[in-house]
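Source file: data_4.json. Holds: JSON, C-alpha atoms and all ligand atoms.
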[["chain", "number", "residue", "atom", "x", "y", "z"],
["A", 1, "MET", "CA", -5.76, -35.55, -28.63],
["A", 2, "ILE", "CA", -6.33, -32.71, -26.17],
["A", 3, "ALA", "CA", -9.91, -31.48, -26.02],
["A", 4, "THR", "CA", -10.14, -27.83, -26.94],
["A", 5, "GLN", "CA", -13.65, -27.08, -25.71],
["A", 6, "GLY", "CA", -16.10, -27.95, -22.98],
["A", 7, "LEU", "CA", -13.69, -29.56, -20.55],
["A", 8, "PRO", "CA", -15.44, -31.43, -17.78],
["A", 9, "ARG", "CA", -14.85, -29.97, -14.34],
["A", 10, "THR", "CA", -11.55, -30.98, -12.74],
["A", 11, "GLU", "CA", -10.16, -32.22, -16.05],
["A", 12, "SER", "CA", -6.71, -33.76, -15.57],
["A", 13, "LEU", "CA", -3.78, -32.01, -17.12],
["A", 14, "PRO", "CA", -2.51, -32.95, -20.53],
["A", 15, "VAL", "CA", 0.87, -34.57, -20.09],
["A", 16, "GLU", "CA", 1.91, -35.25, -23.67],
["A", 17, "GLU", "CA", 3.69, -32.77, -25.89],
["A", 18, "THR", "CA", 1.32, -30.04, -27.04],
["A", 19, "PRO", "CA", 0.54, -30.18, -30.78],
["A", 20, "ALA", "CA", 1.78, -26.96, -32.37],
["A", 21, "SER", "CA", -1.60, -26.53, -34.06],
["A", 22, "ILE", "CA", -3.36, -25.77, -30.76],
["A", 23, "LEU", "CA", -0.73, -23.44, -29.34],
["A", 24, "PRO", "CA", -1.33, -19.72, -29.94],
["A", 25, "ASP", "CA", 0.10, -18.70, -33.33],
["A", 26, "HIS", "CA", 1.74, -15.67, -31.72],
["A", 27, "LEU", "CA", 2.93, -14.79, -28.22],
["A", 28, "SER", "CA", 2.12, -11.74, -26.16],
["A", 29, "TRP", "CA", 3.32, -10.27, -22.89],
["A", 30, "SER", "CA", 0.06, -11.19, -21.14],
["A", 31, "GLN", "CA", 0.17, -14.81, -22.35],
["A", 32, "VAL", "CA", 3.74, -15.27, -21.15],
["A", 33, "SER", "CA", 2.97, -13.56, -17.81],
["A", 34, "LEU", "CA", -0.05, -15.83, -17.30],
["A", 35, "MET", "CA", 1.96, -18.97, -18.18],
["A", 36, "ARG", "CA", 4.60, -17.92, -15.62],
["A", 37, "ALA", "CA", 1.97, -17.22, -12.94],
["A", 38, "CYS", "CA", -0.14, -20.37, -13.44],
["A", 39, "PRO", "CA", 0.38, -22.68, -16.44],
["A", 40, "GLN", "CA", -2.98, -24.40, -15.79],
["A", 41, "LYS", "CA", -4.80, -21.07, -16.04],
["A", 42, "PHE", "CA", -2.93, -20.35, -19.28],
["A", 43, "TYR", "CA", -4.09, -23.74, -20.61],
["A", 44, "PHE", "CA", -7.72, -22.93, -19.75],
["A", 45, "SER", "CA", -7.49, -19.36, -21.09],
["A", 46, "TYR", "CA", -5.71, -19.91, -24.41],
["A", 47, "ILE", "CA", -5.99, -23.61, -25.31],
["A", 48, "ALA", "CA", -8.97, -25.45, -23.81],
["A", 49, "ARG", "CA", -11.17, -22.37, -23.38],
["A", 50, "PRO", "CA", -13.92, -23.98, -21.26],
["A", 51, "PRO", "CA", -16.81, -21.76, -20.11],
["A", 52, "LYS", "CA", -15.79, -19.51, -17.21],
["A", 53, "ASP", "CA", -17.35, -19.73, -13.73],
["A", 54, "PHE", "CA", -17.68, -15.93, -13.76],
["A", 55, "ILE", "CA", -16.19, -12.75, -15.20],
["A", 56, "ALA", "CA", -14.28, -10.69, -12.64],
["A", 57, "SER", "CA", -15.73, -7.18, -12.40],
["A", 58, "SER", "CA", -12.17, -5.80, -12.32],
["A", 59, "LEU", "CA", -11.53, -7.15, -15.84],
["A", 60, "LYS", "CA", -14.77, -5.72, -17.23],
["A", 61, "PHE", "CA", -14.08, -2.43, -15.46],
["A", 62, "GLY", "CA", -10.53, -2.22, -16.86],
["A", 63, "SER", "CA", -11.79, -2.87, -20.40],
["A", 64, "ALA", "CA", -14.54, -0.26, -20.05],
["A", 65, "VAL", "CA", -12.11, 2.40, -18.76],
["A", 66, "HIS", "CA", -9.74, 1.58, -21.65],
["A", 67, "ALA", "CA", -12.69, 2.01, -24.05],
["A", 68, "GLY", "CA", -13.35, 5.49, -22.62],
["A", 69, "LEU", "CA", -9.73, 6.54, -23.07],
["A", 70, "GLU", "CA", -9.62, 5.07, -26.56],
["A", 71, "SER", "CA", -12.70, 7.06, -27.58],
["A", 72, "TYR", "CA", -11.12, 10.20, -26.12],
["A", 73, "PHE", "CA", -7.93, 9.93, -28.16],
["A", 74, "ARG", "CA", -9.74, 8.80, -31.34],
["A", 75, "ALA", "CA", -11.88, 11.94, -31.13],
["A", 76, "ARG", "CA", -8.76, 14.08, -30.63],
["A", 77, "MET", "CA", -7.14, 12.52, -33.70],
["A", 78, "GLU", "CA", -10.19, 13.59, -35.69],
["A", 79, "GLY", "CA", -10.03, 17.10, -34.21],
["A", 80, "LEU", "CA", -13.19, 16.63, -32.13],
["A", 81, "LYS", "CA", -13.68, 17.81, -28.58],
["A", 82, "ILE", "CA", -14.86, 15.16, -26.18],
["A", 83, "ASP", "CA", -16.15, 15.56, -22.63],
["A", 84, "ASP", "CA", -16.67, 13.33, -19.62],
["A", 85, "ILE", "CA", -20.19, 12.40, -20.81],
["A", 86, "THR", "CA", -18.82, 10.96, -24.05],
["A", 87, "LEU", "CA", -16.15, 9.10, -22.10],
["A", 88, "MET", "CA", -18.87, 7.54, -19.94],
["A", 89, "ASP", "CA", -20.88, 6.62, -23.07],
["A", 90, "ALA", "CA", -17.91, 4.60, -24.31],
["A", 91, "TYR", "CA", -17.56, 3.11, -20.82],
["A", 92, "HIS", "CA", -21.21, 2.00, -20.81],
["A", 93, "THR", "CA", -21.06, 0.55, -24.33],
["A", 94, "SER", "CA", -18.06, -1.55, -23.36],
["A", 95, "TRP", "CA", -19.61, -2.59, -20.01],
["A", 96, "GLU", "CA", -22.82, -3.73, -21.69],
["A", 97, "TYR", "CA", -21.03, -5.79, -24.33],
["A", 98, "GLU", "CA", -21.23, -9.47, -23.36],
["A", 99, "GLU", "CA", -18.27, -11.35, -24.75],
["A", 100, "GLU", "CA", -19.52, -14.50, -23.05],
["A", 101, "PRO", "CA", -23.32, -14.15, -22.79],
["A", 102, "GLY", "CA", -24.84, -15.69, -19.69],
["A", 103, "THR", "CA", -21.60, -15.73, -17.67],
["A", 104, "PRO", "CA", -22.22, -13.96, -14.34],
["A", 105, "ILE", "CA", -20.12, -10.98, -13.31],
["A", 106, "ARG", "CA", -18.46, -11.38, -9.90],
["A", 107, "PHE", "CA", -18.10, -8.12, -7.98],
["A", 108, "ASN", "CA", -15.64, -7.44, -5.18],
["A", 109, "LYS", "CA", -16.93, -6.61, -1.71],
["A", 110, "LEU", "CA", -18.80, -3.26, -1.52],
["A", 111, "GLU", "CA", -18.87, -3.01, -5.32],
["A", 112, "ASP", "CA", -21.73, -3.07, -7.80],
["A", 113, "VAL", "CA", -22.48, -1.59, -11.23],
["A", 114, "SER", "CA", -23.30, 1.80, -9.77],
["A", 115, "THR", "CA", -20.26, 2.14, -7.47],
["A", 116, "LEU", "CA", -17.97, 1.16, -10.35],
["A", 117, "GLU", "CA", -19.65, 3.76, -12.59],
["A", 118, "ASN", "CA", -18.95, 6.44, -9.98],
["A", 119, "THR", "CA", -15.35, 5.28, -9.72],
["A", 120, "ALA", "CA", -14.97, 5.45, -13.51],
["A", 121, "ARG", "CA", -16.43, 8.95, -13.51],
["A", 122, "GLY", "CA", -13.88, 10.04, -10.91],
["A", 123, "MET", "CA", -11.01, 8.41, -12.80],
["A", 124, "PHE", "CA", -11.99, 10.12, -16.05],
["A", 125, "ALA", "CA", -12.24, 13.47, -14.22],
["A", 126, "ALA", "CA", -8.71, 12.97, -12.86],
["A", 127, "PHE", "CA", -7.49, 12.02, -16.34],
["A", 128, "LEU", "CA", -9.13, 15.06, -17.98],
["A", 129, "GLN", "CA", -7.24, 17.33, -15.57],
["A", 130, "SER", "CA", -3.90, 15.70, -16.36],
["A", 131, "PRO", "CA", -1.41, 16.99, -18.95],
["A", 132, "LEU", "CA", -1.88, 13.79, -20.99],
["A", 133, "ALA", "CA", -5.45, 14.84, -21.78],
["A", 134, "ASN", "CA", -3.91, 17.60, -23.88],
["A", 135, "PRO", "CA", -0.57, 16.17, -24.97],
["A", 136, "GLN", "CA", 1.81, 18.54, -26.69],
["A", 137, "GLY", "CA", 2.53, 17.24, -30.17],
["A", 138, "GLU", "CA", 0.51, 14.80, -32.24],
["A", 139, "VAL", "CA", -1.37, 11.62, -31.43],
["A", 140, "ILE", "CA", -0.22, 9.08, -34.03],
["A", 141, "GLY", "CA", -1.65, 5.78, -32.85],
["A", 142, "ILE", "CA", -4.34, 4.34, -30.57],
["A", 143, "GLU", "CA", -4.62, 0.65, -29.73],
["A", 144, "GLU", "CA", -2.07, -0.13, -32.44],
["A", 145, "SER", "CA", -0.90, -3.73, -32.86],
["A", 146, "PHE", "CA", 2.66, -4.63, -33.80],
["A", 147, "CYS", "CA", 3.90, -8.12, -34.59],
["A", 148, "SER", "CA", 7.53, -9.04, -34.91],
["A", 149, "PRO", "CA", 9.77, -12.05, -34.26],
["A", 150, "LEU", "CA", 12.09, -11.91, -31.24],
["A", 151, "ALA", "CA", 14.03, -14.98, -32.40],
["A", 152, "SER", "CA", 13.84, -17.49, -35.25],
["A", 153, "ASP", "CA", 12.80, -20.34, -32.94],
["A", 154, "LEU", "CA", 9.82, -18.43, -31.50],
["A", 155, "PRO", "CA", 6.43, -17.47, -32.93],
["A", 156, "GLU", "CA", 5.98, -13.78, -33.64],
["A", 157, "VAL", "CA", 5.33, -11.62, -30.61],
["A", 158, "MET", "CA", 2.42, -9.19, -30.64],
["A", 159, "ALA", "CA", 2.17, -5.89, -28.79],
["A", 160, "ARG", "CA", -0.94, -3.75, -28.56],
["A", 161, "VAL", "CA", 0.08, -0.20, -27.65],
["A", 162, "ASP", "CA", -2.67, 1.88, -26.01],
["A", 163, "LEU", "CA", -1.41, 5.32, -27.11],
["A", 164, "ILE", "CA", 1.42, 6.59, -29.29],
["A", 165, "TYR", "CA", 2.17, 10.28, -29.65],
["A", 166, "ALA", "CA", 5.03, 12.35, -30.97],
["A", 167, "ALA", "CA", 6.27, 15.32, -28.93],
["A", 168, "ALA", "CA", 9.51, 17.15, -28.21],
["A", 169, "GLY", "CA", 11.54, 15.15, -30.73],
["A", 170, "ALA", "CA", 10.53, 11.77, -29.27],
["A", 171, "ILE", "CA", 7.89, 9.12, -29.79],
["A", 172, "HIS", "CA", 6.00, 8.30, -26.61],
["A", 173, "LEU", "CA", 4.44, 4.87, -25.97],
["A", 174, "VAL", "CA", 1.80, 4.76, -23.21],
["A", 175, "ASP", "CA", 0.24, 1.70, -21.61],
["A", 176, "PHE", "CA", -2.84, 2.40, -19.47],
["A", 177, "LYS", "CA", -3.39, 0.46, -16.25],
["A", 178, "THR", "CA", -6.21, 0.52, -13.73],
["A", 179, "SER", "CA", -5.00, -0.15, -10.22],
["A", 180, "ARG", "CA", -6.33, -0.33, -6.66],
["A", 181, "SER", "CA", -3.47, 1.81, -5.35],
["A", 182, "ARG", "CA", -1.09, 4.36, -6.77],
["A", 183, "TRP", "CA", 2.08, 3.00, -8.34],
["A", 184, "ASN", "CA", 5.48, 3.86, -6.90],
["A", 185, "GLN", "CA", 8.87, 3.64, -8.61],
["A", 186, "ALA", "CA", 9.33, 0.02, -7.48],
["A", 187, "LYS", "CA", 6.07, -0.94, -9.21],
["A", 188, "VAL", "CA", 7.12, 0.90, -12.38],
["A", 189, "ALA", "CA", 10.47, -0.94, -12.35],
["A", 190, "GLU", "CA", 8.69, -4.28, -11.81],
["A", 191, "ALA", "CA", 6.38, -3.70, -14.82],
["A", 192, "ALA", "CA", 8.94, -1.93, -17.05],
["A", 193, "ASP", "CA", 9.91, -4.91, -19.22],
["A", 194, "GLN", "CA", 6.44, -4.99, -20.80],
["A", 195, "LEU", "CA", 6.97, -1.52, -22.27],
["A", 196, "ARG", "CA", 10.62, -2.27, -23.08],
["A", 197, "LEU", "CA", 9.36, -5.23, -25.13],
["A", 198, "TYR", "CA", 6.88, -2.90, -26.86],
["A", 199, "GLU", "CA", 9.75, -0.54, -27.66],
["A", 200, "ILE", "CA", 11.65, -3.41, -29.30],
["A", 201, "LEU", "CA", 8.58, -4.51, -31.29],
["A", 202, "THR", "CA", 7.80, -1.00, -32.53],
["A", 203, "SER", "CA", 11.39, -0.21, -33.54],
["A", 204, "GLN", "CA", 10.62, -0.89, -37.22],
["A", 205, "VAL", "CA", 8.35, 2.15, -37.25],
["A", 206, "THR", "CA", 10.08, 4.37, -34.69],
["A", 207, "GLY", "CA", 13.46, 3.98, -36.45],
["A", 208, "ASP", "CA", 16.14, 6.24, -34.99],
["A", 209, "THR", "CA", 13.69, 8.56, -33.24],
["A", 210, "PRO", "CA", 14.18, 8.47, -29.45],
["A", 211, "VAL", "CA", 11.39, 6.58, -27.67],
["A", 212, "GLN", "CA", 10.02, 7.38, -24.23],
["A", 213, "LEU", "CA", 7.90, 4.88, -22.32],
["A", 214, "HIS", "CA", 5.16, 5.67, -19.82],
["A", 215, "PHE", "CA", 2.53, 3.91, -17.76],
["A", 216, "GLY", "CA", -0.71, 5.88, -17.46],
["A", 217, "VAL", "CA", -2.08, 4.61, -14.15],
["A", 218, "LEU", "CA", -5.70, 5.27, -13.18],
["A", 219, "THR", "CA", -6.17, 4.55, -9.49],
["A", 220, "LYS", "CA", -9.48, 3.21, -8.16],
["A", 221, "ALA", "CA", -8.91, 4.66, -4.69],
["A", 222, "LYS", "CA", -11.52, 6.66, -2.75],
["A", 223, "THR", "CA", -10.13, 9.72, -4.46],
["A", 224, "PRO", "CA", -9.41, 8.49, -8.01],
["A", 225, "ALA", "CA", -6.12, 9.65, -9.50],
["A", 226, "PHE", "CA", -4.29, 9.57, -12.81],
["A", 227, "ASP", "CA", -0.47, 9.41, -12.95],
["A", 228, "LEU", "CA", 1.69, 9.39, -16.06],
["A", 229, "LEU", "CA", 4.79, 7.54, -14.90],
["A", 230, "PRO", "CA", 7.93, 7.44, -17.05],
["A", 231, "VAL", "CA", 9.86, 4.19, -17.37],
["A", 232, "PRO", "CA", 13.57, 4.85, -16.82],
["A", 233, "PRO", "CA", 15.90, 3.72, -19.64],
["A", 234, "ALA", "CA", 17.38, 0.24, -19.22],
["A", 235, "ASP", "CA", 21.09, -0.03, -18.43],
["A", 236, "SER", "CA", 21.66, -1.90, -21.69],
["A", 237, "ASP", "CA", 19.27, -2.44, -24.62],
["A", 238, "VAL", "CA", 21.14, -5.61, -25.61],
["A", 239, "THR", "CA", 20.70, -7.16, -22.16],
["A", 240, "VAL", "CA", 16.98, -6.31, -22.10],
["A", 241, "LEU", "CA", 16.48, -7.99, -25.48],
["A", 242, "GLU", "CA", 18.47, -11.06, -24.37],
["A", 243, "GLN", "CA", 16.59, -11.35, -21.07],
["A", 244, "ILE", "CA", 13.14, -10.97, -22.61],
["A", 245, "THR", "CA", 13.98, -13.40, -25.44],
["A", 246, "SER", "CA", 15.32, -15.94, -22.96],
["A", 247, "THR", "CA", 12.15, -15.68, -20.84],
["A", 248, "PHE", "CA", 9.89, -16.07, -23.88],
["A", 249, "ARG", "CA", 11.93, -19.06, -25.09],
["A", 250, "GLN", "CA", 11.73, -20.87, -21.72],
["A", 251, "VAL", "CA", 8.01, -20.23, -21.44],
["A", 252, "TYR", "CA", 7.34, -21.32, -25.03],
["A", 253, "GLN", "CA", 9.31, -24.53, -24.45],
["A", 254, "ALA", "CA", 7.14, -25.24, -21.39],
["A", 255, "MET", "CA", 4.01, -24.68, -23.54],
["A", 256, "GLN", "CA", 5.34, -27.06, -26.21],
["A", 257, "ALA", "CA", 6.13, -29.69, -23.57],
["A", 258, "GLY", "CA", 2.52, -29.52, -22.30],
["A", 259, "ASN", "CA", 3.79, -28.45, -18.88],
["A", 260, "PHE", "CA", 0.49, -26.93, -17.71],
["A", 261, "TYR", "CA", 0.60, -27.57, -13.96],
["A", 262, "PRO", "CA", -1.60, -25.60, -11.54],
["A", 263, "ALA", "CA", 0.15, -23.03, -9.35],
["A", 264, "PRO", "CA", -2.37, -22.33, -6.60],
["A", 265, "SER", "CA", -1.92, -19.24, -4.43],
["A", 266, "PRO", "CA", -4.31, -16.66, -2.98],
["A", 267, "GLN", "CA", -3.02, -14.14, -5.52],
["A", 268, "ASN", "CA", -3.60, -16.50, -8.48],
["A", 269, "CYS", "CA", -6.78, -18.28, -7.44],
["A", 270, "THR", "CA", -8.98, -15.67, -5.74],
["A", 271, "THR", "CA", -10.15, -14.20, -9.04],
["A", 272, "CYS", "CA", -9.58, -17.29, -11.22],
["A", 273, "PRO", "CA", -12.69, -18.07, -13.32],
["A", 274, "PHE", "CA", -11.63, -21.70, -13.79],
["A", 275, "LYS", "CA", -11.42, -22.76, -10.16],
["A", 276, "SER", "CA", -14.32, -25.23, -10.42],
["A", 277, "ARG", "CA", -12.43, -27.07, -13.19],
["A", 278, "CYS", "CA", -8.97, -26.85, -11.63],
["A", 279, "PRO", "CA", -7.37, -30.09, -10.42],
["A", 280, "ALA", "CA", -5.75, -28.13, -7.57],
["A", 281, "TRP", "CA", -9.19, -27.35, -6.20],
["A", 282, "ALA", "CA", -10.91, -30.62, -7.17],
["A", 283, "GLY", "CA", -14.14, -28.80, -7.88],
["A", 284, "ASN", "CA", -14.15, -26.93, -4.55],
["A", 285, "SER", "CA", -14.37, -23.35, -5.81],
["A", 286, "THR", "CA", -15.81, -21.81, -2.68],
["A", 287, "SER", "CA", -12.69, -21.14, -0.63],
["A", 288, "CYS", "CA", -9.21, -19.86, -1.25],
["B", 1, "LIG", "S1", -7.64, -22.00, -9.58],
["B", 1, "LIG", "FE1", -5.56, -21.30, -9.14],
["B", 1, "LIG", "S2", -4.23, -23.03, -9.62],
["B", 1, "LIG", "FE2", -6.20, -23.44, -10.59],
["B", 1, "LIG", "S3", -6.03, -22.63, -12.68],
["B", 1, "LIG", "FE3", -6.89, -21.00, -11.43],
["B", 1, "LIG", "S4", -5.12, -19.80, -10.78],
["B", 1, "LIG", "FE4", -4.34, -21.78, -11.46]]
Give the structure from the file, written as structure tokens.
Amino acid sequence: MIATQGLPRTESLPVEETPASILPDHLSWSQVSLMRACPQKFYFSYIARPPKDFIASSLKFGSAVHAGLESYFRARMEGLKIDDITLMDAYHTSWEYEEEPGTPIRFNKLEDVSTLENTARGMFAAFLQSPLANPQGEVIGIEESFCSPLASDLPEVMARVDLIYAAAGAIHLVDFKTSRSRWNQAKVAEAADQLRLYEILTSQVTGDTPVQLHFGVLTKAKTPAFDLLPVPPADSDVTVLEQITSTFRQVYQAMQAGNFYPAPSPQNCTTCPFKSRCPAWAGNSTSC
């Protein structure tokens, strides 16, 4: 039986087939992406759930910025006017919430609570000057969850869409990202399948109405920026569905097989909160 809590440090990997009862009861884009990047980290994050070494400030920051934007659009839906102070109130409330009390926050170099606050202020100012702050048309959903099967041999797949609005005869789906640098078209193309999956999962409610997909990217650069970047249509909707379903099926089969090997790399491990428990690091969490 695989332990589901309180793994000792450097716990060896489970090698037997994973009981269905401990696998997530639905799949999401972020779960599948994490399993593809490092199956061991997926195992820690979604199955064993041991205490984390730390919480990366970038994750807390991203959640707090999302909370600010969510409060902005909720107020708009209710016909209220909201300013940068209210956005920062939502930011602070989210920042102060401790999902895992007692776990230290790990800041990047030259960062602390106050520098991140200033960055958030600058990002919200850039957002408030963008056309998305006053979208033409009607906001119809904020942080909406959709669950739908991709195939009969897979659990349902869940999408959480940050913002949905109707304008100019189309329904627009927006996913907000916080990023260190501005996105270019190559980055949009690399990330596009996430929103294409969301388009598939929301099709029960969007029906025949054309759907347009966008990433709303808030950049943490010296001069914060906000860019609303459209995702170009795929060459073929059928191929996109087949490709995404095939990826989800392969990844789910690896989960069922208990194939949770570590995939160490600077990109994966530098901010990994499970390094002290990871067999690849044998308890040496100080270098990468
Ligand atoms: S430390 Fe690296 S290899 Fe180990 S679980 Fe984390 S990301 Fe994966």
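Counting all atoms listed in the file, the residue from A:Gly62, A:Pro155, A:Pro224, A:Gly141 that sits nearest to Asn118 of chain A is A:Pro224.
Compared by their closest atoms to ligand LIG 1 (chain B), and using all atoms listed in the file, the residues A:Tyr43, A:Trp29, A:Phe127, A:Phe176 rank with A:Tyr43 nearest.
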Could you jot down the atom CA of Ile55 of chain A to atom CA of Gln267 of chain A separation for me, Å, one decimal place? 16.4 Å
So what do you get for atom CA of Ser203 of chain A versus atom CA of Pro149 of chain A, distance-wise? 12.0 Å
Give me the residues within 12 Å of Ser181 of chain A as a ChimeraX atom specification, counting all atoms listed in the file and dropping any in the same chain fewer than 5 places off. /A:187,217-227
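Among A:Thr209, A:Thr239, A:Thr115, A:Thr18, the residue with the shortest atom-to-atom distance to Asp193 of chain A, counting all atoms listed in the file, is A:Thr239.
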Quick one: everything within 8 Å of segment 166-175 of chain A, counting all atoms listed in the file, minus sequence neighbours fewer than 6 positions away in the same chain. Send it as a ChimeraX atom specification. /A:135-140,195,199,206,209-216
With the cut-off set at 7 Å and counting all atoms listed in the file, tabulate each residue of chain A with an atom at most that distance from an atom of ligand LIG 1 (chain B), showing the nearest atom pair and its distance in Å to one decimal, ordered by chain and increasing number, as a Markdown table.
| residue | atom | partner | partner_atom | distance |
| --- | --- | --- | --- | --- |
| A:Cys38 | CA | B:LIG1 | FE4 | 4.9 |
| A:Pro39 | CA | B:LIG1 | FE4 | 6.9 |
| A:Gln40 | CA | B:LIG1 | S3 | 4.7 |
| A:Lys41 | CA | B:LIG1 | S3 | 3.9 |
| A:Pro262 | CA | B:LIG1 | S2 | 4.1 |
| A:Ala263 | CA | B:LIG1 | S2 | 4.4 |
| A:Pro264 | CA | B:LIG1 | S2 | 3.6 |
| A:Ser265 | CA | B:LIG1 | FE1 | 6.3 |
| A:Asn268 | CA | B:LIG1 | S4 | 4.3 |
| A:Cys269 | CA | B:LIG1 | FE1 | 3.7 |
| A:Cys272 | CA | B:LIG1 | FE3 | 4.6 |
| A:Pro273 | CA | B:LIG1 | FE3 | 6.8 |
| A:Phe274 | CA | B:LIG1 | FE3 | 5.3 |
| A:Lys275 | CA | B:LIG1 | S1 | 3.9 |
| A:Cys278 | CA | B:LIG1 | FE2 | 4.5 |
| A:Pro279 | CA | B:LIG1 | FE2 | 6.8 |
| A:Ala280 | CA | B:LIG1 | FE2 | 5.6 |
| A:Trp281 | CA | B:LIG1 | S1 | 6.5 |
I need the chosen residues saved as a PDB file, in the frame of the given file, with C-alpha atoms.
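Result went into out.pdb, see below:
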ATOM      1  CA  CYS A  38      -0.140 -20.370 -13.440  1.00  0.00           C
ATOM      2  CA  PRO A  39       0.380 -22.680 -16.440  1.00  0.00           C
ATOM      3  CA  GLN A  40      -2.980 -24.400 -15.790  1.00  0.00           C
ATOM      4  CA  LYS A  41      -4.800 -21.070 -16.040  1.00  0.00           C
ATOM      5  CA  PRO A 262      -1.600 -25.600 -11.540  1.00  0.00           C
ATOM      6  CA  ALA A 263       0.150 -23.030  -9.350  1.00  0.00           C
ATOM      7  CA  PRO A 264      -2.370 -22.330  -6.600  1.00  0.00           C
ATOM      8  CA  SER A 265      -1.920 -19.240  -4.430  1.00  0.00           C
ATOM      9  CA  ASN A 268      -3.600 -16.500  -8.480  1.00  0.00           C
ATOM     10  CA  CYS A 269      -6.780 -18.280  -7.440  1.00  0.00           C
ATOM     11  CA  CYS A 272      -9.580 -17.290 -11.220  1.00  0.00           C
ATOM     12  CA  PRO A 273     -12.690 -18.070 -13.320  1.00  0.00           C
ATOM     13  CA  PHE A 274     -11.630 -21.700 -13.790  1.00  0.00           C
ATOM     14  CA  LYS A 275     -11.420 -22.760 -10.160  1.00  0.00           C
ATOM     15  CA  CYS A 278      -8.970 -26.850 -11.630  1.00  0.00           C
ATOM     16  CA  PRO A 279      -7.370 -30.090 -10.420  1.00  0.00           C
ATOM     17  CA  ALA A 280      -5.750 -28.130  -7.570  1.00  0.00           C
ATOM     18  CA  TRP A 281      -9.190 -27.350  -6.200  1.00  0.00           C
TER      19      TRP A 281
END
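For the atom pair formed by atom CA of Ile85 of chain A and atom CA of Phe61 of chain A, the distance is 16.9 Å, given to one decimal.
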In file coordinates, which residues lie within 10 Å of (-3.2, -22.8, -21.7) using all atoms listed in the file, given as an MDAnalysis selection string? chainID A and resid 22:24 31 34:35 38:49 255 258:261
Find, counting all atoms listed in the file, the residue in A:Tyr97, A:Phe54, A:Tyr72, A:Phe248 that gets nearest to Leu163 of chain A. A:Tyr72
My list of candidates is A:Thr86, A:Asn134, A:Thr271, A:Gln129. Which is closest to Tyr165 of chain A when distances are computed with all atoms listed in the file? A:Asn134
